[in-house]
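**Student:** There's a structure below that I have some questions on.
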Amino acid sequence: MSDILCSAGLVAVLLSGLFTSCSPQYEELPTFSAERKLLQVVVEMPAGTNHARRYDPTSHSFVPVRRAGLDLVVEFLPCPGNQGFIPGTRLGAAGRPLPALVLTEAQPAGTVLEVVPIGLLTLDDNGTLKPIVLAVPARPSQQILPEAVTWHDLVSRYPGVQEVVRQWFLHQGRPGEIRIVSWKDEKSAEQQVRDAMK
């Protein structure tokens, strides 16, 4: 009987290793899609949730963001877009990928979206500058803001979006912890991507 249990345990360990090795390694994806040469974003936190999550490349899983020792649950309306990162990019000494917010309906964590960058938001998070690329899906069927493919389009056709996004990011910390430094256009977003590429 103990031999059977040991064999079952060994099989479980082997299967566990097999499934772990099959987990997608999102950090190794290219910055631009192979076929259409479009910017890619890996969704970490779907639109419509308040529970901040991020991809952990060591475990190849999506884990809660921690702030002040606790899981970050944003005390505001749900996330107005899909937060994620641009693969093949690195920022600062920590080497985290360049973050992005894709303005579209909720996509599951791990979804890889082809996007069009339309703006660049820069935050001051406790003295650390944090650029965030604002984007919309490249596929028209996934777009929820018709004809918003530039920063000018977005702020002229949907002026309320900027305020919703601003409030969302300001509520990710205690009052005064996070402030908006600047909003820039799609050209600045594209330059930020180029600067952050490996």
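Going through the structure tokens in order, the chains are called A, B, and so on, while each chain numbers its residues from 1 and the ligands are numbered from 1 in the order shown.
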So that each row is one residue of segment 13-97 of chain A with an atom at most 10 Å from segment 135-155 of chain A, can you give its shortest atom pair and the distance in Å to one decimal, using only C-alpha atoms, rows by chain and rising number, as a Markdown table?
**Tutor:**
```
| residue | atom | partner | partner_atom | distance |
| --- | --- | --- | --- | --- |
| A:Leu38 | CA | A:Ala138 | CA | 7.7 |
| A:Leu39 | CA | A:Ala138 | CA | 8.8 |
| A:Gln40 | CA | A:Pro137 | CA | 9.5 |
| A:Val41 | CA | A:Ala135 | CA | 9.1 |
| A:Gly81 | CA | A:Val136 | CA | 9.4 |
| A:Asn82 | CA | A:Ala135 | CA | 9.7 |
```
**Student:** Mind dumping the selected residues with N, CA and C atoms as a PDB file, in the first residue's frame?
**Tutor:**
```pdb
ATOM      1  N   LEU A  38       2.094  44.811 -34.243  1.00  0.00           N
ATOM      2  CA  LEU A  38       1.370  45.721 -33.359  1.00  0.00           C
ATOM      3  C   LEU A  38       1.854  45.552 -31.928  1.00  0.00           C
ATOM      4  N   LEU A  39       1.806  46.643 -31.158  1.00  0.00           N
ATOM      5  CA  LEU A  39       2.195  46.620 -29.760  1.00  0.00           C
ATOM      6  C   LEU A  39       1.316  45.622 -29.005  1.00  0.00           C
ATOM      7  N   GLN A  40       1.918  44.875 -28.079  1.00  0.00           N
ATOM      8  CA  GLN A  40       1.180  43.886 -27.303  1.00  0.00           C
ATOM      9  C   GLN A  40       1.131  44.281 -25.833  1.00  0.00           C
ATOM     10  N   VAL A  41       0.028  43.941 -25.178  1.00  0.00           N
ATOM     11  CA  VAL A  41      -0.137  44.142 -23.737  1.00  0.00           C
ATOM     12  C   VAL A  41      -0.652  42.842 -23.140  1.00  0.00           C
ATOM     13  N   GLY A  81     -10.347  50.025 -17.204  1.00  0.00           N
ATOM     14  CA  GLY A  81      -9.743  49.342 -18.344  1.00  0.00           C
ATOM     15  C   GLY A  81      -9.019  48.111 -17.851  1.00  0.00           C
ATOM     16  N   ASN A  82      -8.289  47.474 -18.731  1.00  0.00           N
ATOM     17  CA  ASN A  82      -7.507  46.295 -18.375  1.00  0.00           C
ATOM     18  C   ASN A  82      -6.074  46.730 -18.110  1.00  0.00           C
TER      19      ASN A  82
END
```
**Student:** Taking the DSSP secondary structure from the backbone, can you list the residues of chain A that are helix (DSSP H, G or I), as a ChimeraX atom specification?
**Tutor:** /A:2-22,26-28,140-142,151-157,159-170,186-196
**Student:** Please, could you write that set of residues out with C-alpha atoms as a short mmCIF file (atom, residue, chain, number, x, y, z; two decimals), in the first residue's frame?
**Tutor:**
```cif
data_model
loop_
_atom_site.label_atom_id
_atom_site.label_comp_id
_atom_site.auth_asym_id
_atom_site.auth_seq_id
_atom_site.Cartn_x
_atom_site.Cartn_y
_atom_site.Cartn_z
CA SER A 2 2.81 2.45 0.88
CA ASP A 3 4.45 1.68 -2.51
CA ILE A 4 1.24 2.67 -4.26
CA LEU A 5 1.03 5.92 -2.28
CA CYS A 6 4.67 6.74 -3.05
CA SER A 7 4.08 6.07 -6.75
CA ALA A 8 0.97 8.25 -6.72
CA GLY A 9 2.94 11.00 -4.98
CA LEU A 10 5.73 10.76 -7.55
CA VAL A 11 3.21 10.96 -10.40
CA ALA A 12 1.63 14.04 -8.79
CA VAL A 13 5.05 15.72 -8.49
CA LEU A 14 5.90 14.90 -12.11
CA LEU A 15 2.54 16.17 -13.34
CA SER A 16 2.93 19.31 -11.26
CA GLY A 17 6.31 19.97 -12.88
CA LEU A 18 4.85 19.26 -16.30
CA PHE A 19 2.03 21.77 -15.85
CA THR A 20 4.37 24.37 -14.36
CA SER A 21 6.67 24.12 -17.36
CA CYS A 22 3.65 24.56 -19.68
CA TYR A 26 4.66 36.25 -20.68
CA GLU A 27 7.87 38.13 -19.94
CA GLU A 28 9.46 36.39 -22.94
CA PRO A 140 -12.16 47.26 -34.20
CA SER A 141 -14.46 44.56 -32.76
CA GLN A 142 -12.83 45.08 -29.32
CA TRP A 151 -4.91 61.40 -27.66
CA HIS A 152 -6.73 64.28 -29.36
CA ASP A 153 -9.56 61.92 -30.42
CA LEU A 154 -9.92 60.61 -26.88
CA VAL A 155 -10.07 63.95 -25.05
CA SER A 156 -12.26 65.64 -27.66
CA ARG A 157 -14.78 62.81 -28.17
CA PRO A 159 -13.63 64.10 -22.26
CA GLY A 160 -14.87 62.24 -19.17
CA VAL A 161 -12.47 59.30 -19.73
CA GLN A 162 -9.45 61.34 -18.63
CA GLU A 163 -11.06 62.21 -15.30
CA VAL A 164 -12.17 58.61 -14.63
CA VAL A 165 -8.65 57.33 -15.34
CA ARG A 166 -7.13 60.09 -13.18
CA GLN A 167 -9.38 59.23 -10.24
CA TRP A 168 -8.71 55.50 -10.63
CA PHE A 169 -4.95 55.94 -10.31
CA LEU A 170 -5.17 58.54 -7.52
CA GLU A 186 0.47 58.91 -28.61
CA LYS A 187 3.88 60.03 -29.92
CA SER A 188 5.16 60.29 -26.34
CA ALA A 189 3.68 56.86 -25.57
CA GLU A 190 5.43 55.34 -28.58
CA GLN A 191 8.73 56.97 -27.55
CA GLN A 192 8.33 55.64 -23.98
CA VAL A 193 7.87 52.11 -25.37
CA ARG A 194 11.01 52.45 -27.51
CA ASP A 195 12.99 53.77 -24.52
CA ALA A 196 11.84 50.88 -22.32
#
```
**Student:** Could you check which of A:Gly48, A:Pro24, A:Pro30, A:Gly92 is closest to Val74 of chain A, using only C-alpha atoms?
**Tutor:** A:Gly48
**Student:** Can you pull out every residue within 10 Å of Val43 of chain A, counting only C-alpha atoms, but drop anything in the same chain fewer than 6 positions away, and send it as an mmCIF file with C-alpha atoms, in the first residue's frame?
**Tutor:**
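Once everything was written out, this is result13.cif:
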```cif
data_model
loop_
_atom_site.group_PDB
_atom_site.id
_atom_site.type_symbol
_atom_site.label_atom_id
_atom_site.label_comp_id
_atom_site.auth_asym_id
_atom_site.auth_seq_id
_atom_site.Cartn_x
_atom_site.Cartn_y
_atom_site.Cartn_z
ATOM 1 C CA ARG A 53 -2.884 41.896 -9.486
ATOM 2 C CA ARG A 54 0.437 41.588 -11.254
ATOM 3 C CA TYR A 55 2.310 38.909 -13.137
ATOM 4 C CA PHE A 62 -0.855 36.454 -11.399
ATOM 5 C CA GLY A 81 -9.743 49.342 -18.344
ATOM 6 C CA ASN A 82 -7.507 46.295 -18.375
ATOM 7 C CA GLN A 83 -4.263 46.986 -16.518
ATOM 8 C CA GLY A 84 -1.240 45.073 -17.681
ATOM 9 C CA PHE A 85 2.265 45.335 -19.037
ATOM 10 C CA ILE A 86 4.098 45.592 -22.333
ATOM 11 C CA PRO A 99 2.645 49.286 -17.444
ATOM 12 C CA ALA A 100 -0.358 49.908 -19.678
ATOM 13 C CA LEU A 101 -4.082 50.502 -19.350
ATOM 14 C CA VAL A 102 -6.149 49.194 -22.266
ATOM 15 C CA ALA A 106 -12.866 43.100 -19.367
ATOM 16 C CA GLN A 107 -10.368 40.536 -20.593
ATOM 17 C CA PRO A 108 -9.170 37.617 -18.432
ATOM 18 C CA ALA A 109 -5.746 37.849 -16.786
ATOM 19 C CA GLY A 110 -3.190 36.417 -19.185
ATOM 20 C CA THR A 111 -4.932 37.688 -22.324
ATOM 21 C CA VAL A 112 -2.469 39.160 -24.816
ATOM 22 C CA LEU A 113 -3.996 42.110 -26.675
#
```
**Student:** Out of chain A, which residues get strand (DSSP E) from DSSP, as a PyMOL selection string?
**Tutor:** chain A and resi 39-45+53-56+61-64+66-67+70-71+82-91+96-102+112-125+128-137+178-185
**Student:** Atom CA of Leu98 of chain A and atom CA of Pro131 of chain A, how far apart in Å?
**Tutor:**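 Atom-to-atom, atom CA of Pro131 of chain A and atom CA of Leu98 of chain A are spaced 7.3 Å apart.
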